[in-house]
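Student: My questions all concern the structure below.
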Amino acid sequence: MHIIEDYFAIFRRYPVLLSVGVLTFLATAGWAVVLPMLSLYLAEDVGIGTGFIGLIFGAYAISETILKTPFGIISDHTGQRPVIIAGLLAALVVPVLMLWAYHPVWFLVLQLMNGASIAAFWPIMASFTAVSVDSQDRATAMTVFNLSYLLALGIGPALGTFASHAAGTYRISFYLAIAFFSLAVLLALAGLRHRSYGRPRPDNSRYSDALREHLLPDIKNYGGIMAQLSFLWQNKTLAAILSISLLQNFAIGFLAPIFILFIKQELGYDLFQTGKAIIIPIAIIGVLALPVGRFSDTIGKHRAVRAGFLLAAFSILALPRAEQLWQLVTVIGLLGLAYLIAAPAWFAFTSLYAPRTSTGTAIASVSAVQSLGFILGPGVGGLLYEKVNPTVPFIGCGVLLLLCSLLCLIFVNNDAKPGSGHSDDLIKTG
């Protein structure tokens, strides 16, 4: 009964979270439905070599990483809503143009645009979610955001695969993406309104004035940009959050190119068994998501983050020994649970330490360094898998996540009051 109450109480208090959840699902599904099909489409239908395909995917990651923080700065001047809508419009254009593109360079350009669209959506949507609720409910609200992301990330690739098989063409995934992004744009235009907690709300009638008077001069002046970002390293806790975020995603990146490969080649599971091992935990996590988010708010976001890192580390270290299907289901389920515990609390925690007028910049910067870590990690993981031993990337990832938990214990050990990021004396024993 309490689980059902947790699910509905947060939406009664903050109706905008329903729009947040649906919009996040639609946008994620739009990107995810294309993801598994794009490399096959480029190789088999367009005839692009695998080397250049890697470059195309790398362009997306680089673009996303570089642009996250600038979009965060823009959102702090103009409000999150126009940046989110701009990102969704750019995302909508990408699959439309991919239907007409046949030269490799065009796909490279479109993936740069795709990275920009994600940079304009994800961190800004996270910031929008955080400031749409009161401080004590932020981890729960971020759970709505992350659960929608997880569900779409699980459903999108399967939908793209099944649809392409049924239609006999990979191009059907582009049409599905267009449909998802079109619905997302309409919902953002109609339903993305909120009451802002803990930060002043920009005057929507003065977007152009805000850009002209504040942002554009800063872009022309390197010192101005550094001034916009100086609070990130002047506050010791925010500096620690950035460093831990980089290390965390560097570690997780070890597994990106080899996770499914290891399950298939080393553990001997076929793709159908692997699919079951993923689908079952997703269903359980869907039921537990909001209560877990409420648990994070209750015990303290700093403790939730440490617990999530520890659970993820031990699960990853245990995965190479998951020789039976129930063991694999359990390990993947624990990894999903670790994500639900730590990820919403991490962004909610960041929003508490950021100054009231720089929430978007802080969350975007954390997201940017996470992307940077994820760019660097896969190459290392692939080399360790091929040149050393297939289990070494899991050991390395687990050890680094344990280190992240220790760093959190030392440097990120209490929940701040909303918007108190201007203070340097926030590190206390919690």
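Residue names in the structure tokens use chain letters A, B, ... in the order shown, residue numbers from 1 in each chain, and ligand numbers from 1 in the order shown.
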Please, which residues of stretch 350-402 of chain A, numbered as in this document, come out alpha helix (DSSP H) from DSSP, as a PyMOL selection string?

Tutor: chain A and resi 350-353+359-383+392-402

Student: Sorted by chain and rising residue number, which residues of stretch 58-83 of chain A lie within 9 Å of stretch 122-128 of chain A, and what are their closest atom pairs and distances in Å to one decimal, counting only C-alpha atoms, as CSV?

Tutor:
residue,atom,partner,partner_atom,distance
A:Lys68,CA,A:Pro123,CA,7.0
A:Thr69,CA,A:Pro123,CA,8.7
A:Phe71,CA,A:Ile124,CA,7.6
A:Gly72,CA,A:Ile124,CA,6.3
A:Ser75,CA,A:Ile124,CA,7.0
A:Gly79,CA,A:Phe128,CA,8.7
A:Gln80,CA,A:Ile124,CA,5.9
A:Arg81,CA,A:Phe128,CA,7.8
A:Val83,CA,A:Ile124,CA,7.3

Student: For the selection just defined, write its residues with C-alpha atoms to a file, as a short mmCIF file (atom, residue, chain, number, x, y, z; two decimals), in the first residue's frame.

Tutor:
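Now in out.cif:
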data_model
loop_
_atom_site.label_atom_id
_atom_site.label_comp_id
_atom_site.auth_asym_id
_atom_site.auth_seq_id
_atom_site.Cartn_x
_atom_site.Cartn_y
_atom_site.Cartn_z
CA LYS A 68 26.62 20.30 -22.17
CA THR A 69 28.09 23.04 -20.01
CA PHE A 71 23.80 24.80 -22.75
CA GLY A 72 23.65 24.74 -18.96
CA SER A 75 19.50 27.66 -19.49
CA GLY A 79 15.20 29.18 -18.35
CA GLN A 80 15.34 25.45 -19.04
CA ARG A 81 12.20 25.13 -21.19
CA VAL A 83 16.74 24.93 -24.31
#

Student: Residues near A:Gly47, anyone? I mean within 10 Å using only C-alpha atoms, not counting same-chain ones fewer than 5 positions away, as a PyMOL selection string.

Tutor: chain A and resi 40-42+102-104

Student: Just want the 12 Å neighbourhood of A:Ser367, counted on only C-alpha atoms, with same-chain residues fewer than 6 positions away dropped. Output as a PyMOL selection string.

Tutor: chain A and resi 64-72+118-127+241-246+248-249+343+346-347+350+360-361+373-374

Student: Only N, CA and C atoms, please: the residues just picked out, written as a compact mmCIF listing (two decimals), in the first residue's frame.

Tutor:
# COMPACT_ATOMS: atom_id res chain seq x y z
N GLU A 64 28.46 15.99 -27.69
CA GLU A 64 27.65 16.01 -26.47
C GLU A 64 28.45 16.55 -25.29
N THR A 65 29.68 16.08 -25.16
CA THR A 65 30.51 16.47 -24.01
C THR A 65 30.85 17.95 -24.04
N ILE A 66 31.23 18.45 -25.20
CA ILE A 66 31.67 19.85 -25.32
C ILE A 66 30.51 20.82 -25.05
N LEU A 67 29.30 20.46 -25.46
CA LEU A 67 28.20 21.41 -25.46
C LEU A 67 27.33 21.38 -24.20
N LYS A 68 27.50 20.39 -23.35
CA LYS A 68 26.62 20.30 -22.17
C LYS A 68 26.72 21.52 -21.27
N THR A 69 27.94 21.90 -20.92
CA THR A 69 28.09 23.04 -20.01
C THR A 69 27.62 24.35 -20.64
N PRO A 70 27.97 24.67 -21.91
CA PRO A 70 27.42 25.89 -22.51
C PRO A 70 25.89 25.93 -22.51
N PHE A 71 25.26 24.81 -22.79
CA PHE A 71 23.80 24.80 -22.75
C PHE A 71 23.29 25.00 -21.32
N GLY A 72 24.03 24.49 -20.34
CA GLY A 72 23.65 24.74 -18.96
C GLY A 72 23.70 26.22 -18.61
N ILE A 118 21.28 16.01 -27.60
CA ILE A 118 21.29 15.33 -26.30
C ILE A 118 21.86 16.24 -25.22
N ALA A 119 22.91 17.00 -25.58
CA ALA A 119 23.50 17.95 -24.62
C ALA A 119 22.49 19.01 -24.20
N ALA A 120 21.62 19.42 -25.11
CA ALA A 120 20.61 20.43 -24.80
C ALA A 120 19.44 19.85 -24.02
N PHE A 121 19.25 18.54 -24.08
CA PHE A 121 18.09 17.93 -23.42
C PHE A 121 18.41 17.37 -22.05
N TRP A 122 19.37 16.43 -21.97
CA TRP A 122 19.52 15.65 -20.74
C TRP A 122 19.86 16.46 -19.51
N PRO A 123 20.98 17.18 -19.48
CA PRO A 123 21.30 17.89 -18.24
C PRO A 123 20.29 18.99 -17.91
N ILE A 124 19.73 19.61 -18.94
CA ILE A 124 18.77 20.70 -18.70
C ILE A 124 17.45 20.12 -18.20
N MET A 125 17.06 18.97 -18.73
CA MET A 125 15.86 18.31 -18.23
C MET A 125 16.06 17.87 -16.78
N ALA A 126 17.26 17.41 -16.45
CA ALA A 126 17.56 17.05 -15.07
C ALA A 126 17.46 18.27 -14.16
N SER A 127 17.99 19.41 -14.62
CA SER A 127 17.91 20.64 -13.85
C SER A 127 16.46 21.08 -13.69
N ILE A 241 32.58 16.51 -6.43
CA ILE A 241 31.52 15.89 -7.23
C ILE A 241 31.95 15.75 -8.68
N LEU A 242 32.55 16.79 -9.23
CA LEU A 242 33.03 16.72 -10.61
C LEU A 242 34.10 15.64 -10.78
N SER A 243 35.05 15.58 -9.86
CA SER A 243 36.14 14.60 -9.96
C SER A 243 35.62 13.17 -9.84
N ILE A 244 34.72 12.95 -8.88
CA ILE A 244 34.16 11.61 -8.70
C ILE A 244 33.31 11.21 -9.90
N SER A 245 32.58 12.18 -10.48
CA SER A 245 31.76 11.89 -11.66
C SER A 245 32.63 11.44 -12.83
N LEU A 246 33.77 12.09 -13.00
CA LEU A 246 34.70 11.70 -14.07
C LEU A 246 35.22 10.29 -13.84
N GLN A 248 33.91 7.91 -11.98
CA GLN A 248 32.80 6.95 -12.03
C GLN A 248 32.51 6.50 -13.46
N ASN A 249 32.36 7.45 -14.37
CA ASN A 249 32.00 7.07 -15.74
C ASN A 249 33.19 6.55 -16.53
N ALA A 343 21.99 7.40 -8.73
CA ALA A 343 21.94 8.42 -9.79
C ALA A 343 21.00 9.59 -9.46
N TRP A 346 22.55 11.65 -6.73
CA TRP A 346 23.76 12.36 -7.16
C TRP A 346 23.41 13.70 -7.79
N PHE A 347 22.45 13.71 -8.72
CA PHE A 347 22.06 14.97 -9.36
C PHE A 347 21.29 15.86 -8.39
N THR A 350 23.89 17.47 -6.26
CA THR A 350 24.55 18.55 -7.00
C THR A 350 23.71 19.81 -7.00
N GLY A 360 21.45 24.84 -13.46
CA GLY A 360 21.63 24.22 -14.78
C GLY A 360 23.09 24.07 -15.13
N THR A 361 23.90 25.09 -14.83
CA THR A 361 25.33 25.02 -15.13
C THR A 361 25.99 23.90 -14.35
N GLY A 373 34.40 11.02 -19.13
CA GLY A 373 34.85 9.74 -18.59
C GLY A 373 34.40 8.58 -19.45
N PHE A 374 33.17 8.68 -19.97
CA PHE A 374 32.64 7.59 -20.79
C PHE A 374 33.30 7.53 -22.16

Student: If you measure from atom CA of A:Phe314 to atom CA of A:Gly398, what distance in Å do you get, rounded to one decimal?

Tutor: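 Separation between atom CA of A:Phe314 and atom CA of A:Gly398: 6.6 Å.
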
Student: Contacts between stretch 179-185 of chain A and stretch 40-151 of chain A, please, where a residue of stretch 40-151 of chain A counts if it comes within 10 Å (with only C-alpha atoms); show its shortest atom pair and distance in Å to one decimal, rows by chain and ascending number, as a tab-separated table.

Tutor:
residue	atom	partner	partner_atom	distance
A:Ile84	CA	A:Val185	CA	9.1
A:Ile85	CA	A:Val185	CA	6.4
A:Ala86	CA	A:Val185	CA	9.0
A:Gly87	CA	A:Val185	CA	9.3
A:Leu88	CA	A:Val185	CA	6.0
A:Leu89	CA	A:Val185	CA	6.8
A:Ala90	CA	A:Phe181	CA	9.5
A:Ala91	CA	A:Phe181	CA	6.9
A:Leu92	CA	A:Phe181	CA	5.3
A:Val93	CA	A:Phe181	CA	9.1
A:Pro95	CA	A:Phe181	CA	9.6

Student: With distances taken over only C-alpha atoms, which residue among A:Ser148, A:Asn389, A:Gln111, A:Ser135 lies nearest A:Thr24?

Tutor: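 Nearest to A:Thr24: A:Ser148.
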
Student: If you measure from atom CA of A:Ala101 to atom CA of A:Met37, what distance in Å do you get, rounded to one decimal?

Tutor: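 According to the coordinates, atom CA of A:Ala101 and atom CA of A:Met37 are separated by 15.4 Å.
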
Student: Pick out the closest residue to A:Ser405 from this set: A:Ala239, A:Leu310, A:Leu376, A:Ile316. Count only C-alpha atoms.

Tutor: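 Nearest to A:Ser405: A:Leu310.
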
Student: So, with only C-alpha atoms as the atoms that count, which of A:Ala163, A:Ser173, A:Gly191, A:Asp137 lies closest to A:Ala9?

Tutor: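 When distances to A:Ala9 are compared using only C-alpha atoms, the smallest one comes from A:Asp137.
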